[in-house]
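Asks: I have a structure I would like to understand better, so I am pasting it below and will then ask my questions one at a time.
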Amino acid sequence: FPSHDRLIMVRLGGQVVLVVPNRVGALNHTHLTMEALVNRGIQVEAIILNRGVSVETNEGVLEENHRYCSSVWPSLWVVDWGSWGGHRE
């Protein structure tokens with residue numbers, strides 16, 4: 001993040017909802033982004049695994065992404081948001 005963006009987020013309370021496309025590669029994307037946010041002192045409130053932007057059709061991969069994120073970040077609200085408008089917490 002550019003330094004001015006970080007300052008704006010910190011001044012506004014620094015709480016973020018991280019939205020990640022739920023597909024293969026989502027876990028790496030999530031880890032890298034979480035690390036960058038935490039290192040900048042920005043608090044993450046929730047992770048949304050968004051199926052709406054995903055072309056992934058392997059239900060097992062999508063469900064494993066949700067289970068993994070829930071276990072690695074148990075204090076966060078992790079939501080598997082479907083392209084049909086439904087979700088699973």
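Residues are referred to by chain and number: the chain letter is A, B, ... according to the order shown in the structure tokens, the number counts from 1 in that chain, and ligands are numbered separately from 1 in the order shown.
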Using only C-alpha atoms, which protein or nucleic acid residues come within 12 Å of Glu64 (chain A)? Drop anything in the same chain fewer than 2 positions from it, and give the result as a list in words.

Replies: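 In the requested format, the answer is Asn22, Arg23, Val24, Gly25, Ala26, Leu27, Leu49, Asn58, Glu59, Gly60, Val61, Leu62, His66, Arg67, Tyr68, Cys69, Ser70, Ser71 and Asp80 of chain A.
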
Asks: Would you write out those residues with N, CA and C atoms, as an mmCIF file, in the first residue's frame?

Replies:
data_model
loop_
_atom_site.group_PDB
_atom_site.id
_atom_site.type_symbol
_atom_site.label_atom_id
_atom_site.label_comp_id
_atom_site.auth_asym_id
_atom_site.auth_seq_id
_atom_site.Cartn_x
_atom_site.Cartn_y
_atom_site.Cartn_z
ATOM 1 N N ASN A 22 -12.704 -16.879 -4.383
ATOM 2 C CA ASN A 22 -12.599 -18.244 -3.873
ATOM 3 C C ASN A 22 -12.291 -19.186 -5.027
ATOM 4 N N ARG A 23 -11.005 -19.479 -5.187
ATOM 5 C CA ARG A 23 -10.529 -20.340 -6.272
ATOM 6 C C ARG A 23 -9.164 -20.887 -5.889
ATOM 7 N N VAL A 24 -8.610 -21.712 -6.749
ATOM 8 C CA VAL A 24 -7.251 -22.186 -6.541
ATOM 9 C C VAL A 24 -6.339 -20.961 -6.466
ATOM 10 N N GLY A 25 -5.464 -20.918 -5.485
ATOM 11 C CA GLY A 25 -4.574 -19.780 -5.288
ATOM 12 C C GLY A 25 -5.075 -18.801 -4.249
ATOM 13 N N ALA A 26 -6.309 -18.969 -3.798
ATOM 14 C CA ALA A 26 -6.894 -18.039 -2.827
ATOM 15 C C ALA A 26 -6.136 -18.046 -1.502
ATOM 16 N N LEU A 27 -5.643 -19.198 -1.090
ATOM 17 C CA LEU A 27 -4.962 -19.280 0.206
ATOM 18 C C LEU A 27 -3.655 -18.496 0.179
ATOM 19 N N LEU A 49 -14.672 -15.085 1.148
ATOM 20 C CA LEU A 49 -14.245 -15.886 0.008
ATOM 21 C C LEU A 49 -15.353 -15.776 -1.030
ATOM 22 N N ASN A 58 -14.639 -26.747 -8.711
ATOM 23 C CA ASN A 58 -14.343 -27.867 -7.828
ATOM 24 C C ASN A 58 -14.815 -27.523 -6.421
ATOM 25 N N GLU A 59 -15.972 -28.049 -6.060
ATOM 26 C CA GLU A 59 -16.583 -27.739 -4.760
ATOM 27 C C GLU A 59 -15.641 -28.075 -3.603
ATOM 28 N N GLY A 60 -14.862 -29.157 -3.738
ATOM 29 C CA GLY A 60 -13.928 -29.545 -2.680
ATOM 30 C C GLY A 60 -12.873 -28.486 -2.416
ATOM 31 N N VAL A 61 -12.348 -27.881 -3.476
ATOM 32 C CA VAL A 61 -11.353 -26.812 -3.324
ATOM 33 C C VAL A 61 -11.976 -25.615 -2.627
ATOM 34 N N LEU A 62 -13.166 -25.240 -3.043
ATOM 35 C CA LEU A 62 -13.836 -24.070 -2.459
ATOM 36 C C LEU A 62 -14.129 -24.280 -0.976
ATOM 37 N N HIS A 66 -12.393 -22.451 2.650
ATOM 38 C CA HIS A 66 -13.154 -21.944 3.790
ATOM 39 C C HIS A 66 -12.675 -22.582 5.091
ATOM 40 N N ARG A 67 -12.547 -23.904 5.102
ATOM 41 C CA ARG A 67 -12.087 -24.608 6.319
ATOM 42 C C ARG A 67 -10.701 -24.129 6.732
ATOM 43 N N TYR A 68 -9.815 -23.996 5.766
ATOM 44 C CA TYR A 68 -8.446 -23.591 6.059
ATOM 45 C C TYR A 68 -8.400 -22.184 6.661
ATOM 46 N N CYS A 69 -9.055 -21.234 6.012
ATOM 47 C CA CYS A 69 -9.050 -19.854 6.516
ATOM 48 C C CYS A 69 -9.668 -19.777 7.908
ATOM 49 N N SER A 70 -10.724 -20.540 8.141
ATOM 50 C CA SER A 70 -11.367 -20.552 9.464
ATOM 51 C C SER A 70 -10.432 -21.100 10.530
ATOM 52 N N SER A 71 -9.588 -22.075 10.159
ATOM 53 C CA SER A 71 -8.679 -22.657 11.147
ATOM 54 C C SER A 71 -7.441 -21.788 11.371
ATOM 55 N N ASP A 80 -17.990 -17.789 3.193
ATOM 56 C CA ASP A 80 -17.937 -18.325 1.833
ATOM 57 C C ASP A 80 -19.159 -17.769 1.109
#

Asks: Could you pull the residues within 6 Å of Ile48 (chain A), counting only C-alpha atoms, minus those fewer than 3 positions along the same chain, as number ranges by chain?

Replies: A: 19, 78-79

Asks: Limited to N, CA, C and O atoms, could you put the picked residues into a file as a PDB file, in the first residue's frame?

Replies:
ATOM      1  N   VAL A  19     -11.707  -9.237   0.882  1.00  0.00           N
ATOM      2  CA  VAL A  19     -12.498 -10.020  -0.064  1.00  0.00           C
ATOM      3  C   VAL A  19     -11.529 -10.681  -1.038  1.00  0.00           C
ATOM      4  O   VAL A  19     -10.719 -10.009  -1.673  1.00  0.00           O
ATOM      5  N   VAL A  78     -15.119 -15.659   8.840  1.00  0.00           N
ATOM      6  CA  VAL A  78     -14.784 -16.120   7.491  1.00  0.00           C
ATOM      7  C   VAL A  78     -16.075 -16.550   6.801  1.00  0.00           C
ATOM      8  O   VAL A  78     -16.801 -17.402   7.312  1.00  0.00           O
ATOM      9  N   VAL A  79     -16.362 -15.948   5.666  1.00  0.00           N
ATOM     10  CA  VAL A  79     -17.611 -16.190   4.964  1.00  0.00           C
ATOM     11  C   VAL A  79     -17.318 -16.713   3.565  1.00  0.00           C
ATOM     12  O   VAL A  79     -16.485 -16.171   2.846  1.00  0.00           O
TER      13      VAL A  79
END

Asks: With distances taken over only C-alpha atoms, which of A:Ala46, A:Val16, A:Gly52, A:His29 is nearest to Leu76 (chain A)?

Replies: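 Result for the nearest residue to Leu76 (chain A): A:Ala46.
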
Asks: Could you jot down the CA of Ile47 (chain A) to CA of Val20 (chain A) separation for me, Å, one decimal place?

Replies: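 Separation of CA of Ile47 (chain A) and CA of Val20 (chain A): 7.4 Å.
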
Asks: Among region 40-82 of chain A, which residues does DSSP mark as strand (DSSP E) when it is run on the backbone? Keep the chain and numbering as in the structure and answer as a PyMOL selection string.

Replies: chain A and resi 43-50+77-81

Asks: For Arg51 (chain A), list every protein, DNA or RNA residue within 7 Å, evaluated using only C-alpha atoms, and leave out those in the same chain fewer than 6 positions away; present the list as a VMD selection string.

Replies: chain A and resid 21 to 22 81 to 83

Asks: Since we have the selection now, will you write its residues out, keeping N, CA, C and O atoms, as an mmCIF file, in the first residue's frame?

Replies:
data_model
loop_
_atom_site.group_PDB
_atom_site.id
_atom_site.type_symbol
_atom_site.label_atom_id
_atom_site.label_comp_id
_atom_site.auth_asym_id
_atom_site.auth_seq_id
_atom_site.Cartn_x
_atom_site.Cartn_y
_atom_site.Cartn_z
ATOM 1 N N PRO A 21 -11.147 -13.764 -4.165
ATOM 2 C CA PRO A 21 -11.838 -14.701 -5.055
ATOM 3 C C PRO A 21 -11.630 -16.129 -4.547
ATOM 4 O O PRO A 21 -10.501 -16.527 -4.268
ATOM 5 N N ASN A 22 -12.704 -16.879 -4.383
ATOM 6 C CA ASN A 22 -12.599 -18.244 -3.873
ATOM 7 C C ASN A 22 -12.291 -19.186 -5.027
ATOM 8 O O ASN A 22 -13.173 -19.618 -5.758
ATOM 9 N N TRP A 81 -18.944 -16.731 0.302
ATOM 10 C CA TRP A 81 -20.063 -16.029 -0.335
ATOM 11 C C TRP A 81 -20.259 -16.573 -1.747
ATOM 12 O O TRP A 81 -19.375 -16.516 -2.574
ATOM 13 N N GLY A 82 -21.456 -17.069 -2.023
ATOM 14 C CA GLY A 82 -21.733 -17.704 -3.302
ATOM 15 C C GLY A 82 -22.228 -16.754 -4.357
ATOM 16 O O GLY A 82 -22.805 -15.711 -4.070
ATOM 17 N N SER A 83 -22.016 -17.132 -5.597
ATOM 18 C CA SER A 83 -22.455 -16.314 -6.714
ATOM 19 C C SER A 83 -23.977 -16.222 -6.780
ATOM 20 O O SER A 83 -24.532 -15.354 -7.410
#

Asks: In Å, rounded to a single decimal, give me how far CA of Leu37 (chain A) is from CA of Asn50 (chain A).

Replies: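 Straight-line distance from CA of Asn50 (chain A) to CA of Leu37 (chain A) works out to 19.2 Å.
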
Asks: Give me, please, the distance in Å between CA of Ala36 (chain A) and CA of Val72 (chain A), quoted to one decimal.

Replies: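 Distance between the two atoms: 16.0 Å.
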